[in-house]
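> This is the structure, below, for whatever I ask next.
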Amino acid sequence: MKQLLIATLLFATTACNAFAEDDPDLALLPEDPFREDVFYMCSACHSIKTVTQQRLNRHRWDETLEWMVEEGGMAELDPEEREPLLDYLTTYFGEDAPR
Amino acid sequence: MSNQKTEKGLRALYAEDPLAADQQLFGRTAHKDRRGFLKGAGLATMTAVLGMTMPFHRNFPAGLIPAALAEETEAFFLATKDGLKILNDRPVNAETPAHLLDDDVTPTSRHFVRNNGLLPDEALRMSAPDWTLTIDGEVNTPLTLTIDELKERFEVVTLSLCIECGGNGRAAFDPPARGNQWTLGAVANSAWTGVRLADVLAAAGLKDTAVYTAHYSADHHLSRDSAKQAISRGVPIAKAMDPNILIAFEMNGEPIPALHGFPLRLVTPGWPGSTSQKWLERIEIRDQVHDGAKMTGKSYRVPAYQVAPGTDVPKEDFVIIEAMPVKSLITYPETGTTVSTANEEVEIRGHAWAGDRTVRTVQVSGDFGATWIETELSPPPNPGSWQRWRTNLTFPEAGYYEVWARATDSEGVGQPFAIDWNPKGYLNNSLHRIALTVTA
């Protein structure tokens, strides 16, 4: 029971944080109409810094999403979510994007 | 970053004076029994921060940070770190600039952090009176021991041990490799106190069927799915019997800090840091190569053969990384500094290490590799430690110089100039270069 309570508390806090509009990590993502969607999808589990460190081409970002669904506990993405996410990641964190 | 400052403050305030911190941060005063919220003082603030009500608030102890907040603030243990570059805060990953690794024994404040998941509650609270370690699987006598029992039953030793992350140096890969973009500083050599893994395994009695260890720990997967492990790696039995692998409970003479595996961890010198499982609860002896989290696929694996940069390598051609390759680091002077005037001696020094081997020589060059001079190299204080090297260089005139260092191991294998590229960005042991300015 205690564990369940703690788990609920933790989950609620995490979710609560993800919706904080003034989360300083949001500013790490370049402005774009899809920015907030990227923020929520990624920061549910890990820091946005996990994303912004990477420089990967579209194929490798695609593999990375695959890996997160298989190993990371991420929900399967619909094509209408997945394609713009891949576009965003490849545009701003592609292989040739400045570090 | 303002959040970080506030929360750094939160931990520090609670460490200093928990009741005052309650008052200052939440406006909280507890009842006389040191529980609850007197006349509700502070309850509204705390529940607002938590984002929900606290049905049992009358029982909530005074001077305690709600676990939910403590969990959210695990990154703020990083406040105890000195000069580290934070690569990631969930999970926590931070590395040390080379010039801050100059000590022979790395202070805790300068030891890199590579975490895969989220800290267990015992580590957040730094309290684990009931912690046990279980040894089971292919053994004659399965064991479950408390930390006190480990100390009583087995010889306690202190060793300086070099731990390097398998992905140290990944940031220099081209094309880039996915993962934390470590530059140079995911390596350290602290003093660890514990019992030898080999002694504990001998007490359990390995069966002939024993092939591999499987390490399990109490940290949480990032998704908080309790069916998933953040990481669970192992080593072949031959390596597990290496007398320098410790089941450690102290780091530099203190209980192991939360970020480093409190209260118990493995320290496996010379192999990827991921084999040094933190928050260790169980070692299962398996009759096959372990297939836990980050043992399979491409994790901590490299292609079995050399590949051109950017090659797509099929999964089945990857092999598990074992001993780390020979490497050296220049820890003095700091790169980019102005060191001296022409013709004046400048001390150059650093460390070198070589996986399961020792370092035979370290050479440095002050002329972009045209000529090399031998440095004075000390033997390791104990097997598994890095080795100190030092020398003096003089520079003939004012201008820009680089110092390069290259180590050669006891089998005659040296560091390469260029990276041996692999898809996941492991094992970059290319030689370390620093920039120096010499004035007239």
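By order of appearance in the structure tokens: chains A, B, ..., then residues from 1 within every chain, and ligands from 1 in the order shown.
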Can you pull out every residue from stretch 287-369 of chain B that DSSP, working from the backbone, puts in strand (DSSP E), and format the result as an NGL selection string?
:B and (301-303 or 318-320 or 327-332 or 337-341 or 346-353 or 359-365)
> Would you return as a list of chain:residue names the members of stretch 82-315 of chain B that DSSP assigns to alpha helix (DSSP H) on this structure's backbone?
B:Asp121, B:Glu122, B:Ala123, B:Leu124, B:Arg125, B:Ile147, B:Asp148, B:Glu149, B:Leu150, B:Lys151, B:Glu152, B:Arg153, B:Leu197, B:Ala198, B:Asp199, B:Val200, B:Leu201, B:Ala202, B:Ala203, B:Ala204, B:Ile237, B:Ala238, B:Lys239, B:Ala240
> Rank nothing, just name the residue among B:Gly297, B:Gly179, B:Pro380, B:Gly414 nearest to A:Gln53, using only C-alpha atoms.
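Result for the nearest residue to A:Gln53: B:Gly179.
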> Hey, which bits of stretch 105-216 of chain B sit within 12 Å of stretch 90-94 of chain A, and for each residue what's the closest pair of atoms and how far apart in Å (one decimal), counting only C-alpha atoms, rows by chain and increasing number, as JSON lines?

```
{"residue": "B:Pro175", "atom": "CA", "partner": "A:Gly94", "partner_atom": "CA", "distance": 10.6}
{"residue": "B:Pro176", "atom": "CA", "partner": "A:Gly94", "partner_atom": "CA", "distance": 9.7}
{"residue": "B:Ala177", "atom": "CA", "partner": "A:Gly94", "partner_atom": "CA", "distance": 11.6}
{"residue": "B:Arg178", "atom": "CA", "partner": "A:Phe93", "partner_atom": "CA", "distance": 11.3}
```
> Excluding B:Glu316 and residues on its chain fewer than 6 positions from it, collect all residues at most 10 Å away from it, counting only C-alpha atoms, and give them as a PDB file with C-alpha atoms, in the first residue's frame.

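Here's the written file result_20.pdb:
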```pdb
ATOM      1  CA  GLY B 297      21.658  -5.771 -28.827  1.00  0.00           C
ATOM      2  CA  LYS B 298      24.336  -3.141 -29.419  1.00  0.00           C
ATOM      3  CA  PRO B 303      31.668  -4.920 -34.121  1.00  0.00           C
ATOM      4  CA  ALA B 304      33.871  -8.039 -34.100  1.00  0.00           C
TER       5      ALA B 304
END
```
> Return the single residue from B:Val156, B:Ala398, B:Ala240, B:Ile231 that is closest to chain A, with distances computed using only C-alpha atoms.
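Checking each of B:Val156, B:Ala398, B:Ala240, B:Ile231 against chain A, counting only C-alpha atoms, the winner is B:Ile231.
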> Show which residues sit within 12 Å of B:Ala405, as a short mmCIF file (atom, residue, chain, number, x, y, z; two decimals) with C-alpha atoms, in the first residue's frame. Count only C-alpha atoms, and ignore same-chain residues fewer than 5 positions away.

```cif
data_model
loop_
_atom_site.label_atom_id
_atom_site.label_comp_id
_atom_site.auth_asym_id
_atom_site.auth_seq_id
_atom_site.Cartn_x
_atom_site.Cartn_y
_atom_site.Cartn_z
CA VAL B 326 45.23 1.52 -22.90
CA LYS B 327 44.76 5.26 -22.41
CA SER B 328 46.36 8.33 -20.85
CA LEU B 329 45.21 11.75 -19.78
CA ILE B 330 47.17 14.98 -19.35
CA THR B 331 45.91 16.48 -16.08
CA TYR B 332 48.47 19.30 -15.76
CA ILE B 348 53.63 17.99 -17.72
CA ARG B 349 51.84 15.21 -15.84
CA GLY B 350 48.86 12.92 -15.87
CA HIS B 351 47.65 9.36 -15.45
CA ALA B 352 47.58 6.25 -17.62
CA THR B 361 55.49 3.56 -21.07
CA VAL B 362 54.00 7.00 -21.50
CA GLN B 363 55.58 9.35 -24.03
CA VAL B 364 54.83 12.99 -24.73
CA SER B 365 55.41 15.19 -27.73
CA GLY B 366 55.56 19.01 -27.81
CA ASP B 367 55.94 19.23 -31.60
CA PHE B 368 52.76 17.63 -32.97
CA GLY B 369 54.12 14.12 -32.79
CA THR B 371 59.50 13.64 -31.68
CA TRP B 372 58.55 11.90 -28.46
CA ILE B 373 60.17 11.81 -25.05
CA GLU B 374 59.79 9.19 -22.39
CA THR B 375 58.14 10.27 -19.12
CA TRP B 389 53.40 9.86 -15.15
CA ARG B 390 55.31 13.14 -15.29
CA THR B 391 58.04 14.95 -17.17
CA GLY B 414 49.71 1.72 -27.81
CA GLN B 415 47.10 4.45 -28.20
CA PRO B 416 46.10 5.40 -31.75
CA PHE B 417 46.07 8.95 -33.10
CA ASN B 429 41.36 5.71 -26.61
CA SER B 430 42.88 8.07 -29.15
CA LEU B 431 45.71 10.11 -27.66
CA HIS B 432 44.98 13.19 -25.54
CA ARG B 433 46.12 16.58 -26.82
CA ILE B 434 46.25 19.87 -24.94
#
```
> Which polymer residues have any atom within 9 Å of an atom of B:Phe173, counting only C-alpha atoms, with same-chain residues fewer than 5 positions away left out, as a list in words?
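Surrounding residues, per the criterion: Pro309, Ile419, Trp421, Asn422, Gly425 and Asn428 of chain B.
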> Which one of B:Ala258, B:Ala62, B:Ala186, B:Leu145 sits closest to B:Leu78 if you count only C-alpha atoms?
B:Ala258
> Considering only C-alpha atoms, return as a CSV table (one decimal) with C-alpha atoms, in the first residue's frame whatever protein or nucleic-acid residues lie within 9 Å of stretch 29-31 of chain B, sequence-local ones (same chain, fewer than 5 positions apart) excluded.

```
chain,number,residue,atom,x,y,z
B,19,LEU,CA,12.9,22.1,11.1
B,22,ASP,CA,10.3,23.2,7.0
B,23,GLN,CA,9.4,26.6,8.3
B,36,GLY,CA,1.8,16.8,11.1
B,37,PHE,CA,1.2,20.4,10.5
B,38,LEU,CA,0.3,22.6,13.6
B,39,LYS,CA,-2.9,24.5,12.8
B,40,GLY,CA,-2.4,23.4,9.2
B,41,ALA,CA,0.7,25.7,8.9
B,42,GLY,CA,2.5,24.8,5.7
B,58,ARG,CA,-1.1,14.3,10.5
B,60,PHE,CA,4.0,13.2,8.2
B,61,PRO,CA,7.3,13.6,10.2
B,62,ALA,CA,8.8,17.1,10.8
B,63,GLY,CA,11.9,18.0,8.9
```
